Amino acid sequence: PQEWWLSSLLAGQARLKLEDYSGCIRQATELAGHRQVLKRPDLRSRAQGLAARACQGAGKLPDAVRHGRAAVVSAQDGKAGAETTLEAYLSLTAALAESGQLPEAWELCRVMVLPLIDSVPDTLLAGKGFWTVGNVAFRRGDSAAGLRFHQRAGALLSPRLDVGLWASFNKASASMRLSSGLHDDQTLACIRQAEAALAVVGASRIDTVDLIHTHGRWEQLSGNYEHAVDLLSEAYAQRSSLPPQTAAEVALQLALSLASLGQTQAAADRLEESESLFNTAGAVDRR
């Protein structure tokens, strides 16, 4: 029955939150191919979108793109509602951006995602949409657009509606801002808001390492390279808990801080490892 299928989808979403990516991929893939959804492409789209997000978390970026494309096709085939269609496009856009396919990701944002955001009544989903568009803008070097869309996301993603989502957004926004060299009071506010919210809902292993990484990048941009190396080394020591593309970013930033201290051989070693990890994830451009 459909109730069983929907309950199983909720279980898969719980696995995603618990960072059980392999379990989530397995469950979402089974649900996408289940006979229950043969005549319900809209449901199949939701399962494929969940698989895409789990593959991204696991650092399997080519698979994430493949599932994201399948989610979009299913949403279109099933003439799904605006919310399901937007979720499908967000899963694909995020996977494309993470894997470095920025021209296609930005085109999807411009042509599909932004118009869909205007048509959904769900405030949190609209906030996720602006968040995703902002991420793509930051990644393609358009900080002004990234700030603009993240500001719109922040106005919708209220901690009163979902504290965990609010924490994730602020953590990600701080990271994107630092990647663009934005070392200002608003960036620090994002870090502090993420820490406060995670203190309420509980920080996962990845959340904890992400915040150490973020503080390290803050110190790096402040010119405090020794402190940056200490923090980034702490994050690097826990890299096995991170998706490979995130671990690659930690290694990259650690290398830059080591180089600033004149430790060129150690920096070169970390850069080689960063290259290898990006390659493992399928993030060829970032490699």
# chains A, B, ... in the order shown; residues from 1 in each chain; ligands from 1
call {"tool": "residues_around", "arguments": {"residues": "Thr93 in chain A", "least_positions_apart": "5", "cutoff": "8 Å", "atoms": "only C-alpha atoms", "output": "ChimeraX atom specification"}}
result
/A:68,105-106,108-109,132
call {"tool": "residues_around", "arguments": {"residues": "Ala153 in chain A", "least_positions_apart": "2", "cutoff": "7 Å", "atoms": "only C-alpha atoms", "output": "VMD selection string"}}
result
chain A and resid 127 to 128 130 to 131 149 to 151 155 to 157
call {"tool": "atom_distance", "arguments": {"atom1": "CA of Ser168 in chain A", "atom2": "CA of Thr246 in chain A"}}
result
14.9 Å
call {"tool": "atom_distance", "arguments": {"atom1": "CA of Ile191 in chain A", "atom2": "CA of Thr208 in chain A"}}
result
12.0 Å
call {"tool": "residues_around", "arguments": {"residues": "Arg270 in chain A", "least_positions_apart": "4", "cutoff": "7 Å", "atoms": "only C-alpha atoms", "output": "NGL selection string"}}
result
:A and (251-252 or 255 or 266 or 274)
call {"tool": "closest_residue", "arguments": {"among": "A:His34, A:Lys60, A:Arg160, A:Arg110", "to": "Ala95 in chain A", "atoms": "only C-alpha atoms"}}
result
A:Lys60
call {"tool": "residues_around", "arguments": {"residues": "Ser74 in chain A", "least_positions_apart": "6", "cutoff": "7 Å", "atoms": "only C-alpha atoms", "output": "ChimeraX atom specification"}}
result
/A:41-42,44-45
call {"tool": "write_last_selection", "arguments": {"atoms": "N, CA, C and O atoms", "output": "mmCIF file, in the first residue's frame"}}
result
data_model
loop_
_atom_site.group_PDB
_atom_site.id
_atom_site.type_symbol
_atom_site.label_atom_id
_atom_site.label_comp_id
_atom_site.auth_asym_id
_atom_site.auth_seq_id
_atom_site.Cartn_x
_atom_site.Cartn_y
_atom_site.Cartn_z
ATOM 1 N N PRO A 41 4.862 8.429 -10.996
ATOM 2 C CA PRO A 41 6.191 9.017 -11.194
ATOM 3 C C PRO A 41 6.509 10.134 -10.213
ATOM 4 O O PRO A 41 7.686 10.424 -9.960
ATOM 5 N N ASP A 42 5.485 10.786 -9.657
ATOM 6 C CA ASP A 42 5.743 11.843 -8.678
ATOM 7 C C ASP A 42 6.376 11.255 -7.416
ATOM 8 O O ASP A 42 7.299 11.849 -6.837
ATOM 9 N N ARG A 44 8.101 8.399 -7.398
ATOM 10 C CA ARG A 44 9.424 7.949 -7.829
ATOM 11 C C ARG A 44 10.404 9.119 -7.820
ATOM 12 O O ARG A 44 11.570 8.981 -7.453
ATOM 13 N N SER A 45 9.923 10.295 -8.196
ATOM 14 C CA SER A 45 10.771 11.489 -8.195
ATOM 15 C C SER A 45 11.265 11.804 -6.788
ATOM 16 O O SER A 45 12.439 12.154 -6.594
#
call {"tool": "closest_residue", "arguments": {"among": "A:Gln253, A:Thr187, A:Ser91, A:Gln245", "to": "Ser276 in chain A", "atoms": "only C-alpha atoms"}}
result
A:Gln245
call {"tool": "decode", "arguments": {"residues": "range 189-209 of chain A", "atoms": "N, CA, C and O atoms", "output": "PDB file, in the first residue's frame"}}
result
ATOM      1  N   ALA A 189      28.415  36.269  12.482  1.00  0.00           N
ATOM      2  CA  ALA A 189      27.060  36.069  13.012  1.00  0.00           C
ATOM      3  C   ALA A 189      26.500  34.733  12.543  1.00  0.00           C
ATOM      4  O   ALA A 189      25.842  34.018  13.313  1.00  0.00           O
ATOM      5  N   CYS A 190      26.757  34.366  11.288  1.00  0.00           N
ATOM      6  CA  CYS A 190      26.294  33.068  10.770  1.00  0.00           C
ATOM      7  C   CYS A 190      26.914  31.916  11.562  1.00  0.00           C
ATOM      8  O   CYS A 190      26.233  30.949  11.906  1.00  0.00           O
ATOM      9  N   ILE A 191      28.215  32.040  11.854  1.00  0.00           N
ATOM     10  CA  ILE A 191      28.904  30.996  12.622  1.00  0.00           C
ATOM     11  C   ILE A 191      28.286  30.868  14.008  1.00  0.00           C
ATOM     12  O   ILE A 191      27.980  29.758  14.473  1.00  0.00           O
ATOM     13  N   ARG A 192      28.073  31.983  14.669  1.00  0.00           N
ATOM     14  CA  ARG A 192      27.529  31.962  16.030  1.00  0.00           C
ATOM     15  C   ARG A 192      26.093  31.453  16.053  1.00  0.00           C
ATOM     16  O   ARG A 192      25.693  30.727  16.976  1.00  0.00           O
ATOM     17  N   GLN A 193      25.299  31.818  15.030  1.00  0.00           N
ATOM     18  CA  GLN A 193      23.914  31.338  14.958  1.00  0.00           C
ATOM     19  C   GLN A 193      23.888  29.834  14.730  1.00  0.00           C
ATOM     20  O   GLN A 193      23.056  29.121  15.308  1.00  0.00           O
ATOM     21  N   ALA A 194      24.792  29.338  13.902  1.00  0.00           N
ATOM     22  CA  ALA A 194      24.869  27.889  13.674  1.00  0.00           C
ATOM     23  C   ALA A 194      25.233  27.166  14.965  1.00  0.00           C
ATOM     24  O   ALA A 194      24.629  26.148  15.317  1.00  0.00           O
ATOM     25  N   GLU A 195      26.228  27.696  15.693  1.00  0.00           N
ATOM     26  CA  GLU A 195      26.645  27.063  16.941  1.00  0.00           C
ATOM     27  C   GLU A 195      25.520  27.064  17.970  1.00  0.00           C
ATOM     28  O   GLU A 195      25.288  26.051  18.654  1.00  0.00           O
ATOM     29  N   ALA A 196      24.803  28.185  18.072  1.00  0.00           N
ATOM     30  CA  ALA A 196      23.715  28.277  19.046  1.00  0.00           C
ATOM     31  C   ALA A 196      22.593  27.297  18.710  1.00  0.00           C
ATOM     32  O   ALA A 196      22.052  26.613  19.592  1.00  0.00           O
ATOM     33  N   ALA A 197      22.240  27.216  17.435  1.00  0.00           N
ATOM     34  CA  ALA A 197      21.163  26.321  17.025  1.00  0.00           C
ATOM     35  C   ALA A 197      21.567  24.861  17.205  1.00  0.00           C
ATOM     36  O   ALA A 197      20.761  24.028  17.638  1.00  0.00           O
ATOM     37  N   LEU A 198      22.818  24.520  16.870  1.00  0.00           N
ATOM     38  CA  LEU A 198      23.274  23.136  17.025  1.00  0.00           C
ATOM     39  C   LEU A 198      23.379  22.743  18.489  1.00  0.00           C
ATOM     40  O   LEU A 198      23.234  21.566  18.832  1.00  0.00           O
ATOM     41  N   ALA A 199      23.606  23.715  19.366  1.00  0.00           N
ATOM     42  CA  ALA A 199      23.615  23.429  20.799  1.00  0.00           C
ATOM     43  C   ALA A 199      22.228  23.002  21.267  1.00  0.00           C
ATOM     44  O   ALA A 199      22.089  22.237  22.227  1.00  0.00           O
ATOM     45  N   VAL A 200      21.196  23.473  20.556  1.00  0.00           N
ATOM     46  CA  VAL A 200      19.809  23.125  20.899  1.00  0.00           C
ATOM     47  C   VAL A 200      19.440  21.749  20.356  1.00  0.00           C
ATOM     48  O   VAL A 200      18.906  20.900  21.073  1.00  0.00           O
ATOM     49  N   VAL A 201      19.727  21.512  19.054  1.00  0.00           N
ATOM     50  CA  VAL A 201      19.272  20.274  18.409  1.00  0.00           C
ATOM     51  C   VAL A 201      20.302  19.149  18.499  1.00  0.00           C
ATOM     52  O   VAL A 201      19.976  17.985  18.274  1.00  0.00           O
ATOM     53  N   GLY A 202      21.550  19.483  18.843  1.00  0.00           N
ATOM     54  CA  GLY A 202      22.600  18.477  18.899  1.00  0.00           C
ATOM     55  C   GLY A 202      23.386  18.425  17.601  1.00  0.00           C
ATOM     56  O   GLY A 202      22.800  18.296  16.529  1.00  0.00           O
ATOM     57  N   ALA A 203      24.687  18.527  17.696  1.00  0.00           N
ATOM     58  CA  ALA A 203      25.542  18.538  16.509  1.00  0.00           C
ATOM     59  C   ALA A 203      25.950  17.111  16.151  1.00  0.00           C
ATOM     60  O   ALA A 203      26.323  16.323  17.020  1.00  0.00           O
ATOM     61  N   SER A 204      25.887  16.795  14.862  1.00  0.00           N
ATOM     62  CA  SER A 204      26.360  15.498  14.382  1.00  0.00           C
ATOM     63  C   SER A 204      27.883  15.529  14.289  1.00  0.00           C
ATOM     64  O   SER A 204      28.519  16.572  14.483  1.00  0.00           O
ATOM     65  N   ARG A 205      28.475  14.379  13.937  1.00  0.00           N
ATOM     66  CA  ARG A 205      29.932  14.329  13.750  1.00  0.00           C
ATOM     67  C   ARG A 205      30.366  15.302  12.662  1.00  0.00           C
ATOM     68  O   ARG A 205      31.336  16.048  12.820  1.00  0.00           O
ATOM     69  N   ILE A 206      29.627  15.296  11.550  1.00  0.00           N
ATOM     70  CA  ILE A 206      29.992  16.168  10.430  1.00  0.00           C
ATOM     71  C   ILE A 206      29.808  17.632  10.808  1.00  0.00           C
ATOM     72  O   ILE A 206      30.641  18.478  10.471  1.00  0.00           O
ATOM     73  N   ASP A 207      28.722  17.950  11.542  1.00  0.00           N
ATOM     74  CA  ASP A 207      28.510  19.327  11.990  1.00  0.00           C
ATOM     75  C   ASP A 207      29.698  19.816  12.820  1.00  0.00           C
ATOM     76  O   ASP A 207      30.193  20.933  12.633  1.00  0.00           O
ATOM     77  N   THR A 208      30.148  18.977  13.733  1.00  0.00           N
ATOM     78  CA  THR A 208      31.246  19.356  14.627  1.00  0.00           C
ATOM     79  C   THR A 208      32.523  19.643  13.850  1.00  0.00           C
ATOM     80  O   THR A 208      33.191  20.670  14.063  1.00  0.00           O
ATOM     81  N   VAL A 209      32.862  18.741  12.919  1.00  0.00           N
ATOM     82  CA  VAL A 209      34.079  18.934  12.131  1.00  0.00           C
ATOM     83  C   VAL A 209      33.933  20.135  11.202  1.00  0.00           C
ATOM     84  O   VAL A 209      34.879  20.909  11.003  1.00  0.00           O
TER      85      VAL A 209
END
